[in-house]
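**Student:** You'll find entry_6.tsv just under this line, and it carries TSV, C-alpha atoms.
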```tsv
chain	number	residue	atom	x	y	z
A	1	MET	CA	163.86	47.07	19.58
A	2	SER	CA	166.62	45.83	17.30
A	3	PRO	CA	168.76	42.87	18.38
A	4	ALA	CA	171.68	45.24	18.86
A	5	GLU	CA	169.71	47.20	21.43
A	6	ASP	CA	168.44	44.16	23.22
A	7	PRO	CA	170.13	44.19	26.66
A	8	ARG	CA	169.70	40.42	26.92
A	9	LEU	CA	172.41	40.01	24.29
A	10	GLU	CA	175.05	41.55	26.55
A	11	GLN	CA	175.55	38.21	28.27
A	12	PRO	CA	175.96	35.26	25.89
A	13	GLU	CA	174.49	32.82	28.43
A	14	GLN	CA	171.38	34.98	28.77
A	15	ALA	CA	171.08	35.29	25.01
A	16	GLU	CA	171.40	31.53	24.68
A	17	GLN	CA	168.70	31.06	27.31
A	18	ALA	CA	166.48	33.51	25.50
A	19	GLY	CA	166.97	31.53	22.31
A	20	LEU	CA	168.46	34.53	20.54
A	21	GLU	CA	171.98	33.23	19.91
A	22	HIS	CA	172.46	31.42	16.63
A	23	PRO	CA	173.47	27.77	17.10
A	24	THR	CA	176.47	28.19	14.78
A	25	ASN	CA	178.12	30.23	17.55
A	26	GLY	CA	178.42	26.97	19.47
A	27	LEU	CA	180.43	25.27	16.73
A	28	ASP	CA	184.03	24.48	17.59
A	29	GLU	CA	186.45	25.34	14.76
A	30	THR	CA	188.65	22.36	15.61
A	31	VAL	CA	185.83	19.84	15.60
A	32	HIS	CA	183.63	21.32	12.95
A	33	GLN	CA	185.51	19.88	10.03
A	34	ARG	CA	183.96	16.78	8.54
A	35	HIS	CA	187.09	14.61	8.65
A	36	ARG	CA	188.01	15.58	12.19
A	37	LEU	CA	184.39	15.09	13.21
A	38	GLY	CA	184.60	11.68	11.52
A	39	ILE	CA	187.77	10.80	13.45
A	40	LEU	CA	186.11	11.73	16.74
A	41	THR	CA	182.93	9.84	15.82
A	42	ILE	CA	184.81	6.62	15.02
A	43	THR	CA	187.16	6.79	18.00
A	44	ALA	CA	184.20	7.48	20.32
A	45	GLU	CA	182.66	4.24	19.09
A	46	ALA	CA	185.64	2.06	20.04
A	47	GLN	CA	188.18	1.84	22.81
A	48	ARG	CA	190.77	2.82	20.20
A	49	ALA	CA	190.96	2.92	16.42
A	50	GLU	CA	193.86	2.00	14.19
A	51	PHE	CA	195.29	4.49	11.71
A	52	GLY	CA	194.53	2.20	8.74
A	53	TYR	CA	190.87	1.86	9.69
A	54	LEU	CA	190.49	5.64	9.99
A	55	ARG	CA	192.26	6.18	6.65
A	56	ASP	CA	189.99	3.73	4.81
A	57	ALA	CA	186.76	4.74	6.53
A	58	LEU	CA	187.33	8.44	5.90
A	59	GLY	CA	188.88	8.02	2.44
A	60	LEU	CA	191.93	10.10	3.32
A	61	THR	CA	195.56	9.89	2.31
A	62	PRO	CA	197.95	8.95	5.15
A	63	GLY	CA	199.48	12.42	5.08
A	64	ASN	CA	196.16	14.17	5.30
A	65	LEU	CA	194.95	11.94	8.11
A	66	SER	CA	198.18	12.61	10.01
A	67	LYS	CA	197.62	16.35	9.74
A	68	HIS	CA	194.05	16.06	11.03
A	69	LEU	CA	195.26	13.87	13.90
A	70	THR	CA	197.93	16.41	14.77
A	71	VAL	CA	195.30	19.15	14.99
A	72	LEU	CA	193.12	17.02	17.25
A	73	GLU	CA	196.06	15.86	19.36
A	74	ARG	CA	197.27	19.42	19.91
A	75	ALA	CA	193.74	20.34	21.02
A	76	GLY	CA	193.85	17.47	23.54
A	77	MET	CA	190.96	15.64	21.89
A	78	VAL	CA	192.77	12.45	20.93
A	79	GLU	CA	195.82	10.54	22.08
A	80	VAL	CA	198.03	8.81	19.53
A	81	ASP	CA	200.01	5.69	20.49
A	82	LYS	CA	202.63	4.33	18.12
A	83	GLY	CA	203.88	0.81	18.52
A	84	TYR	CA	204.48	-2.51	16.84
A	85	THR	CA	202.45	-5.67	16.33
A	86	GLY	CA	205.19	-8.16	15.60
A	87	ARG	CA	207.27	-6.27	13.06
A	88	ARG	CA	204.41	-4.19	11.72
A	89	PRO	CA	204.24	-0.61	12.96
A	90	ARG	CA	200.82	0.30	14.26
A	91	THR	CA	199.34	3.64	15.22
A	92	TRP	CA	196.34	3.61	17.54
A	93	VAL	CA	194.13	6.62	18.19
A	94	ARG	CA	192.14	7.03	21.38
A	95	ILE	CA	189.59	9.75	22.09
A	96	THR	CA	190.05	11.74	25.33
A	97	PRO	CA	187.23	12.86	27.66
A	98	GLN	CA	187.76	16.35	26.24
A	99	GLY	CA	187.32	15.02	22.71
A	100	ARG	CA	184.20	13.13	23.74
A	101	ALA	CA	182.71	16.29	25.26
A	102	ALA	CA	183.60	18.34	22.16
A	103	LEU	CA	181.99	15.73	19.90
A	104	ALA	CA	178.81	15.68	21.98
A	105	ALA	CA	178.66	19.49	21.96
A	106	GLU	CA	179.20	19.62	18.19
A	107	LEU	CA	176.51	17.06	17.44
A	108	ALA	CA	174.10	18.83	19.81
A	109	THR	CA	174.78	22.14	18.06
A	110	LEU	CA	174.24	20.59	14.64
A	111	THR	CA	170.99	19.04	15.82
A	112	ARG	CA	169.81	22.39	17.22
A	113	LEU	CA	170.71	24.04	13.93
A	114	LEU	CA	168.75	21.43	12.05
A	115	HIS	CA	165.69	21.88	14.24
A	116	ARG	CA	165.92	25.63	13.80
A	117	HIS	CA	165.57	25.19	10.05
A	118	THR	CA	162.73	22.69	10.06
A	119	PRO	CA	159.37	24.04	8.78
A	120	ALA	CA	157.83	24.03	12.25
A	121	HIS	CA	160.38	26.63	13.38
A	122	ASP	CA	160.15	28.69	10.23
A	123	THR	CA	156.55	29.68	10.82
B	1	MET	CA	183.74	10.92	2.61
B	2	GLY	CA	186.61	10.76	0.21
B	3	ASP	CA	188.14	14.22	0.14
B	4	LYS	CA	191.77	13.35	-0.26
B	5	GLY	CA	192.76	16.78	-1.51
B	6	SER	CA	191.58	19.00	1.33
B	7	ASP	CA	194.29	20.70	3.32
B	8	PRO	CA	193.72	20.32	7.04
B	9	ALA	CA	196.18	23.04	7.88
B	10	SER	CA	194.55	25.72	5.77
B	11	GLY	CA	192.19	28.25	7.23
B	12	GLN	CA	189.52	27.49	4.64
B	13	GLU	CA	188.56	24.11	5.96
B	14	ARG	CA	185.46	24.95	7.93
B	15	ASP	CA	182.28	23.60	6.37
B	16	GLU	CA	179.68	26.28	6.90
B	17	PRO	CA	176.57	24.44	7.93
B	18	GLY	CA	173.38	25.25	6.19
B	19	ALA	CA	170.32	23.22	7.15
B	20	ASP	CA	171.04	20.70	4.40
B	21	GLY	CA	174.78	20.67	5.17
B	22	GLY	CA	174.11	20.07	8.86
B	23	ALA	CA	171.68	17.27	8.08
B	24	ASP	CA	174.14	15.67	5.64
B	25	LEU	CA	176.94	15.92	8.17
B	26	LEU	CA	174.82	14.33	10.90
B	27	ASP	CA	173.75	11.54	8.53
B	28	GLU	CA	177.37	10.97	7.55
B	29	MET	CA	178.44	10.69	11.18
B	30	LYS	CA	175.61	8.29	11.93
B	31	ALA	CA	176.70	6.11	9.01
B	32	LEU	CA	180.34	6.17	10.20
B	33	ARG	CA	179.27	5.22	13.71
B	34	ARG	CA	177.03	2.42	12.42
B	35	ARG	CA	179.79	0.99	10.23
B	36	ALA	CA	182.40	1.18	12.99
B	37	ARG	CA	180.03	-0.49	15.46
B	38	ALA	CA	179.22	-3.31	13.05
B	39	ALA	CA	182.88	-3.77	12.12
B	40	ARG	CA	184.05	-4.26	15.69
B	41	HIS	CA	181.25	-6.64	16.76
B	42	ALA	CA	182.87	-9.96	17.61
B	43	TYR	CA	180.66	-11.40	20.31
B	44	TRP	CA	179.87	-14.62	18.47
B	45	PHE	CA	183.07	-16.12	19.87
B	46	PRO	CA	182.30	-15.89	23.62
B	47	LEU	CA	178.75	-17.12	22.95
B	48	VAL	CA	179.98	-20.22	21.12
B	49	LEU	CA	182.87	-20.73	23.54
B	50	PHE	CA	180.71	-20.71	26.68
B	51	GLY	CA	178.09	-22.82	24.86
B	52	LEU	CA	180.75	-25.44	24.18
B	53	LEU	CA	182.11	-25.20	27.72
B	54	THR	CA	178.58	-25.78	29.02
B	55	CYS	CA	178.23	-28.85	26.76
B	56	ALA	CA	181.57	-30.11	28.04
B	57	SER	CA	180.27	-29.81	31.62
B	58	VAL	CA	177.54	-32.42	30.99
B	59	PRO	CA	179.51	-35.37	32.46
B	60	PHE	CA	179.84	-33.44	35.72
B	61	TYR	CA	176.03	-33.17	36.00
B	62	VAL	CA	175.45	-36.92	35.68
B	63	LEU	CA	174.38	-37.72	39.21
B	64	PRO	CA	176.75	-40.00	41.09
B	65	ARG	CA	175.49	-43.39	42.27
B	66	TYR	CA	176.26	-44.15	45.84
B	67	PRO	CA	176.11	-47.58	47.41
B	68	ASP	CA	173.32	-48.03	49.94
B	69	GLY	CA	174.03	-46.24	53.13
B	70	ALA	CA	176.93	-44.24	51.75
B	71	THR	CA	177.01	-40.59	52.68
B	72	GLN	CA	177.23	-37.93	50.08
B	73	GLY	CA	180.09	-35.56	50.46
B	74	GLY	CA	178.62	-32.80	48.34
B	75	PRO	CA	180.54	-30.42	46.13
B	76	SER	CA	184.10	-29.49	46.91
B	77	LEU	CA	183.48	-25.90	45.85
B	78	PRO	CA	180.03	-24.76	47.02
B	79	ILE	CA	178.15	-22.14	44.91
B	80	LEU	CA	180.23	-22.85	41.79
B	81	GLY	CA	179.65	-26.58	42.23
B	82	GLY	CA	176.21	-26.63	43.85
B	83	PHE	CA	174.90	-26.71	47.42
B	84	PRO	CA	176.63	-28.61	50.23
B	85	GLY	CA	174.96	-31.96	50.87
B	86	LEU	CA	173.19	-32.22	47.55
B	87	THR	CA	173.94	-34.86	44.99
B	88	VAL	CA	176.25	-33.48	42.36
B	89	GLN	CA	179.56	-34.54	40.97
B	90	ARG	CA	182.39	-33.70	43.29
B	91	PHE	CA	184.51	-31.98	40.65
B	92	LEU	CA	181.79	-29.81	39.11
B	93	GLY	CA	183.00	-26.71	40.98
B	94	TYR	CA	186.60	-27.24	39.93
B	95	TYR	CA	185.48	-27.69	36.34
B	96	TRP	CA	183.55	-24.42	36.32
B	97	LEU	CA	186.34	-22.51	38.04
B	98	ALA	CA	188.76	-23.60	35.33
B	99	ALA	CA	186.19	-23.20	32.53
B	100	LEU	CA	185.11	-19.68	33.52
B	101	LEU	CA	188.64	-18.34	34.02
B	102	GLY	CA	189.98	-20.16	30.94
B	103	GLY	CA	187.01	-18.95	28.88
B	104	LEU	CA	187.64	-15.37	29.97
B	105	LEU	CA	191.31	-15.61	29.02
B	106	LEU	CA	190.43	-16.95	25.57
B	107	THR	CA	187.80	-14.23	25.14
B	108	LEU	CA	190.35	-11.56	26.07
B	109	LEU	CA	192.81	-12.96	23.51
B	110	TRP	CA	190.02	-13.15	20.94
B	111	TYR	CA	189.11	-9.47	21.33
B	112	ARG	CA	192.78	-8.46	21.10
B	113	ARG	CA	193.18	-10.46	17.89
B	114	ASN	CA	189.97	-8.98	16.49
B	115	ALA	CA	191.17	-5.45	17.30
B	116	ARG	CA	194.41	-6.04	15.38
B	117	ARG	CA	192.54	-7.55	12.44
B	118	VAL	CA	189.74	-4.98	12.11
B	119	GLY	CA	191.53	-1.90	13.43
B	120	LEU	CA	188.93	-1.16	16.11
B	121	ALA	CA	189.18	-2.28	19.71
B	122	THR	CA	186.14	-3.18	21.80
B	123	PRO	CA	186.38	-2.19	25.49
B	124	ALA	CA	185.97	-5.77	26.70
B	125	ARG	CA	187.80	-5.21	29.98
B	126	GLY	CA	184.54	-4.52	31.87
B	127	TYR	CA	183.14	-7.85	30.71
B	128	ILE	CA	186.27	-9.72	31.72
B	129	MET	CA	186.45	-7.99	35.12
B	130	THR	CA	182.75	-8.48	35.93
B	131	THR	CA	182.78	-12.19	35.15
B	132	ALA	CA	186.13	-12.75	36.87
B	133	VAL	CA	185.08	-10.87	40.03
B	134	LEU	CA	181.77	-12.78	40.25
B	135	THR	CA	183.64	-16.07	39.80
B	136	VAL	CA	186.15	-15.20	42.52
B	137	LEU	CA	183.36	-14.04	44.86
B	138	ALA	CA	181.49	-17.30	44.27
B	139	LEU	CA	184.70	-19.11	45.16
B	140	VAL	CA	185.69	-17.03	48.17
B	141	ILE	CA	182.40	-16.26	49.94
B	142	PRO	CA	181.64	-19.90	50.93
B	143	LEU	CA	185.22	-20.42	52.09
B	144	LEU	CA	185.20	-17.30	54.24
B	145	SER	CA	181.72	-17.81	55.64
B	146	GLN	CA	182.45	-21.40	56.68
B	147	VAL	CA	185.90	-20.88	58.09
B	148	ARG	CA	186.32	-21.38	61.84
B	149	SER	CA	187.61	-18.00	62.76
B	150	PRO	CA	188.60	-16.36	66.02
B	151	HIS	CA	186.08	-14.11	67.74
B	152	TRP	CA	187.36	-10.92	66.19
B	153	LEU	CA	186.76	-12.44	62.72
B	154	SER	CA	183.31	-13.83	63.51
B	155	TRP	CA	181.78	-11.23	61.21
B	156	LEU	CA	183.01	-13.40	58.32
B	157	GLN	CA	180.15	-15.80	59.03
B	158	GLN	CA	177.75	-12.97	58.21
B	159	LEU	CA	178.90	-13.38	54.62
B	160	GLN	CA	176.40	-16.23	54.41
B	161	VAL	CA	173.76	-13.62	53.60
B	162	LEU	CA	175.57	-13.20	50.27
B	163	TRP	CA	174.94	-16.82	49.25
B	164	PRO	CA	172.65	-16.65	46.23
B	165	GLY	CA	169.99	-18.90	47.82
B	166	ASP	CA	168.11	-21.35	45.64
B	167	LEU	CA	170.18	-20.38	42.58
B	168	VAL	CA	172.91	-22.66	43.94
B	169	LEU	CA	170.82	-25.80	44.41
B	170	ARG	CA	171.29	-27.43	41.01
B	171	GLY	CA	174.91	-26.51	40.47
B	172	THR	CA	173.94	-24.11	37.70
B	173	PHE	CA	175.08	-20.84	39.29
B	174	PRO	CA	177.91	-20.52	36.72
B	175	PHE	CA	175.16	-19.89	34.14
B	176	VAL	CA	174.04	-16.86	36.16
B	177	ILE	CA	177.64	-15.59	36.22
B	178	ILE	CA	177.87	-16.03	32.42
B	179	ALA	CA	174.54	-14.17	32.04
B	180	ALA	CA	175.76	-11.22	34.13
B	181	GLY	CA	178.87	-11.04	31.96
B	182	LEU	CA	176.80	-11.01	28.79
B	183	TRP	CA	174.91	-7.90	29.94
B	184	VAL	CA	178.19	-6.05	30.43
B	185	LEU	CA	179.44	-7.29	27.06
B	186	ALA	CA	176.22	-6.09	25.38
B	187	TRP	CA	176.89	-2.64	26.81
B	188	ALA	CA	180.54	-2.72	25.67
B	189	GLU	CA	179.54	-3.88	22.19
B	190	ARG	CA	176.69	-1.32	22.07
B	191	SER	CA	174.61	-4.15	20.66
B	192	ARG	CA	170.84	-4.41	21.08
B	193	ALA	CA	170.95	-7.88	19.55
B	194	LEU	CA	173.38	-9.05	22.24
B	195	ALA	CA	171.18	-7.40	24.90
B	196	VAL	CA	168.25	-9.49	23.63
B	197	ILE	CA	170.46	-12.60	23.67
B	198	ALA	CA	171.57	-11.73	27.23
B	199	ALA	CA	167.91	-11.34	28.29
B	200	VAL	CA	166.91	-14.70	26.80
B	201	TYR	CA	169.98	-16.40	28.28
B	202	THR	CA	169.38	-14.82	31.72
B	203	ALA	CA	165.80	-16.14	31.70
B	204	THR	CA	167.09	-19.58	30.70
B	205	ALA	CA	169.83	-19.52	33.36
B	206	LEU	CA	167.32	-18.58	36.08
B	207	LEU	CA	164.89	-21.24	34.88
B	208	SER	CA	167.65	-23.86	34.92
B	209	SER	CA	168.67	-22.81	38.40
B	210	LEU	CA	165.20	-22.72	39.93
B	211	TYR	CA	163.20	-25.45	38.17
B	212	ASP	CA	163.68	-29.01	36.97
B	213	ILE	CA	163.18	-28.59	33.23
B	214	GLY	CA	162.90	-32.37	32.91
B	215	ASN	CA	159.42	-32.02	34.50
B	216	VAL	CA	158.18	-30.20	31.42
B	217	LEU	CA	159.51	-32.95	29.19
B	218	PHE	CA	157.85	-35.59	31.39
B	219	ARG	CA	154.51	-33.81	31.04
B	220	LEU	CA	154.97	-33.78	27.29
B	221	GLY	CA	155.35	-37.54	27.46
B	222	TRP	CA	159.08	-37.66	26.80
B	223	ASN	CA	161.49	-39.06	29.30
B	224	PRO	CA	164.91	-37.85	28.16
B	225	SER	CA	166.70	-39.88	30.80
B	226	GLY	CA	165.01	-43.10	29.67
B	227	GLY	CA	164.52	-44.33	33.21
B	228	ASN	CA	168.10	-43.49	34.11
B	229	TRP	CA	167.55	-41.01	36.92
B	230	SER	CA	171.17	-40.03	37.02
B	231	LEU	CA	170.57	-38.03	33.82
B	232	THR	CA	167.62	-35.93	35.01
B	233	SER	CA	169.75	-32.78	35.42
B	234	LEU	CA	170.84	-32.73	31.80
B	235	PRO	CA	167.92	-30.68	30.35
B	236	ASN	CA	168.84	-27.93	32.85
B	237	VAL	CA	172.35	-27.87	31.38
B	238	LEU	CA	171.63	-28.44	27.71
B	239	LEU	CA	168.97	-25.73	27.35
B	240	PRO	CA	171.31	-22.82	28.28
B	241	ALA	CA	174.02	-24.39	26.13
B	242	LEU	CA	171.61	-24.55	23.21
B	243	VAL	CA	170.69	-20.87	23.63
B	244	LEU	CA	174.36	-19.84	23.59
B	245	LEU	CA	175.27	-22.03	20.62
B	246	ALA	CA	172.25	-20.95	18.54
B	247	ALA	CA	172.83	-17.25	19.34
B	248	GLY	CA	176.55	-17.60	18.65
B	249	ALA	CA	175.93	-19.29	15.29
B	250	GLY	CA	173.46	-16.57	14.31
B	251	ALA	CA	175.84	-13.81	15.39
B	252	PHE	CA	178.69	-15.46	13.46
B	253	ALA	CA	176.58	-15.54	10.28
B	254	VAL	CA	175.56	-11.89	10.64
B	255	GLN	CA	179.08	-10.66	11.46
B	256	ARG	CA	180.62	-12.67	8.64
B	257	HIS	CA	178.04	-11.33	6.20
B	258	HIS	CA	178.90	-7.80	7.27
B	259	ARG	CA	182.67	-8.40	6.83
B	260	THR	CA	182.26	-9.81	3.32
B	261	ARG	CA	180.00	-6.91	2.33
B	262	THR	CA	182.39	-4.16	3.48
```
Please, can you express the file's structure as structure tokens?

**Tutor:**
Amino acid sequence: MSPAEDPRLEQPEQAEQAGLEHPTNGLDETVHQRHRLGILTITAEAQRAEFGYLRDALGLTPGNLSKHLTVLERAGMVEVDKGYTGRRPRTWVRITPQGRAALAAELATLTRLLHRHTPAHDT
Amino acid sequence: MGDKGSDPASGQERDEPGADGGADLLDEMKALRRRARAARHAYWFPLVLFGLLTCASVPFYVLPRYPDGATQGGPSLPILGGFPGLTVQRFLGYYWLAALLGGLLLTLLWYRRNARRVGLATPARGYIMTTAVLTVLALVIPLLSQVRSPHWLSWLQQLQVLWPGDLVLRGTFPFVIIAAGLWVLAWAERSRALAVIAAVYTATALLSSLYDIGNVLFRLGWNPSGGNWSLTSLPNVLLPALVLLAAGAGAFAVQRHHRTRT
């Protein structure tokens, strides 16, 4: 029976349980971009991360980082607070529970994908 | 990870994960997480601060000398200052109340300053709240359980079951409060090293609270008090202080080394 004829594939959950769905189907387009994944990884590690730290750690230009943050903010995965420390403007980024869940799901999917391609699974 | 030219808004930004790509991405995220964790570690300060505050408490542990026949009033603040009726300095409890709350305030300010400097904030609120709540409970429980209350408030006397027993005897219960705070801080800092320090310090705090460490020194043939019995409590105070100061100095060296390397 070809995969197309397999009735188990009619329901994605059942296909997942049967181990027939490819792990890449679980990847989130918003999160699965290395810089946005990096932003979520760093902000999940701290209570909040400052714009300058993210820019330096990820090696991005300020404009590019802002665009990535806008994508994540629109998806509800981070919150951006702008304020001042003395006279210096500061932008702090905080991960939301939704962002934390998306990061965990993405890393789990990547790990599953990796295990799928290890020699033990190829045999 | 320097890819300054990629356009986040374009539709061509998805990195299709092959096995190697997925492994590289996971490794990259692990490295980012490790660097961020190391960069925000700043726990050397509370270790050194509470080590110094413990050293500064030494005069309050020098046992008072009473004239013959004089009664001993005991500590003004039981639990924080020892057990009622036992020989400790009267102001020990007040000292620790001020030292614990002042130390927490300085630690809070330290973490805020570190967050501004490094660009990563540690969630230290749990540490501050845990230590503050335990300090307030240690202050309030004896007061409530000893208060002469009307019949309908007699249940307050049942709060005596919450007294931490023998841990109070030597006036070293503040060490146990500091130890509890360190466990929460180790979790907030996601630091195994601080968890090990918290475990060693907890063991030391319990030992200091339950045993006269001077006995060990006597058996080794060294009398640290030199015949002055009013100083026999000092090993119980100096050992926890030494643990905090040594751990704080080590953590400072490691964290400074990391900062200069990155």

**Student:** Identify all chain A residues at most 6 Å from chain B by counting all atoms listed in the file; ligands do not count. Present them as a list of chain:residue names.

**Tutor:** A:Gln33, A:Ile42, A:Ala46, A:Gln47, A:Arg48, A:Ala49, A:Glu50, A:Tyr53, A:Leu58, A:Gly59, A:Leu60, A:Thr61, A:His68, A:Leu110, A:Leu114, A:His117

**Student:** Report, in Å to a single decimal, how far apart atom CA of B:Pro142 and atom CA of B:Thr54 are.

**Tutor:**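 According to the coordinates, atom CA of B:Thr54 and atom CA of B:Pro142 are separated by 22.9 Å.
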
**Student:** Using only C-alpha atoms, which residues sit within 10 Å of stretch 99-102 of chain B once same-chain residues fewer than 5 positions away are excluded, as a list in words?

**Tutor:**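 Close residues of stretch 99-102 of chain B: Leu49, Phe50, Leu53, Thr54, Ala56, Ser57, Gly93, Tyr94, Thr107, Leu108, Ile128, Thr131, Ala132, Thr135, Val136, Pro174, Phe175, Ile177 and Ile178 of chain B.
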
**Student:** Would you mind reading off the distance between atom CA of B:His41 and atom CA of B:Arg125, one decimal, in Å?

**Tutor:**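 Answer for the atom CA of B:His41 to atom CA of B:Arg125 separation: 14.8 Å.
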
**Student:** What's the separation between atom CA of B:Gly214 and atom CA of B:Leu52, in Å to one decimal place?

**Tutor:**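 Between atom CA of B:Gly214 and atom CA of B:Leu52 the gap works out to 21.0 Å.
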
**Student:** Which neighbours of B:Gly51 fall inside 12 Å, counting all atoms listed in the file, when residues of the same chain fewer than 2 positions from it are skipped, and could you give them as number ranges by chain?

**Tutor:** B: 44-49, 53-58, 99-100, 103, 175, 178-179, 201, 237-249

**Student:** Looking at A:Thr85, A:Glu45, A:Thr91, A:Ala108, which one is nearest to A:Ser66, with distances taken over all atoms listed in the file?

**Tutor:**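 Between A:Thr85, A:Glu45, A:Thr91, A:Ala108, the residue approaching A:Ser66 most closely is A:Thr91.
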
**Student:** If we count all atoms listed in the file and set the cut-off at 9 Å, which residues sit around B:Ala42, ignoring sequence neighbours fewer than 4 positions away in its own chain? Please answer as a PDB file with C-alpha atoms, in the coordinates of the input.

**Tutor:**
```
ATOM      1  CA  ALA B  38     179.220  -3.310  13.050  1.00  0.00           C
ATOM      2  CA  PRO B  46     182.300 -15.890  23.620  1.00  0.00           C
ATOM      3  CA  TRP B 110     190.020 -13.150  20.940  1.00  0.00           C
ATOM      4  CA  TYR B 111     189.110  -9.470  21.330  1.00  0.00           C
ATOM      5  CA  ASN B 114     189.970  -8.980  16.490  1.00  0.00           C
ATOM      6  CA  THR B 122     186.140  -3.180  21.800  1.00  0.00           C
ATOM      7  CA  GLU B 189     179.540  -3.880  22.190  1.00  0.00           C
ATOM      8  CA  ALA B 251     175.840 -13.810  15.390  1.00  0.00           C
ATOM      9  CA  PHE B 252     178.690 -15.460  13.460  1.00  0.00           C
ATOM     10  CA  GLN B 255     179.080 -10.660  11.460  1.00  0.00           C
TER      11      GLN B 255
END
```

**Student:** From the list A:Ala44, A:Arg36, A:Val71, A:Leu54, which residue is nearest A:Pro97 when using all atoms listed in the file?

**Tutor:**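 The shortest atom-to-atom distance to A:Pro97 comes from A:Ala44.
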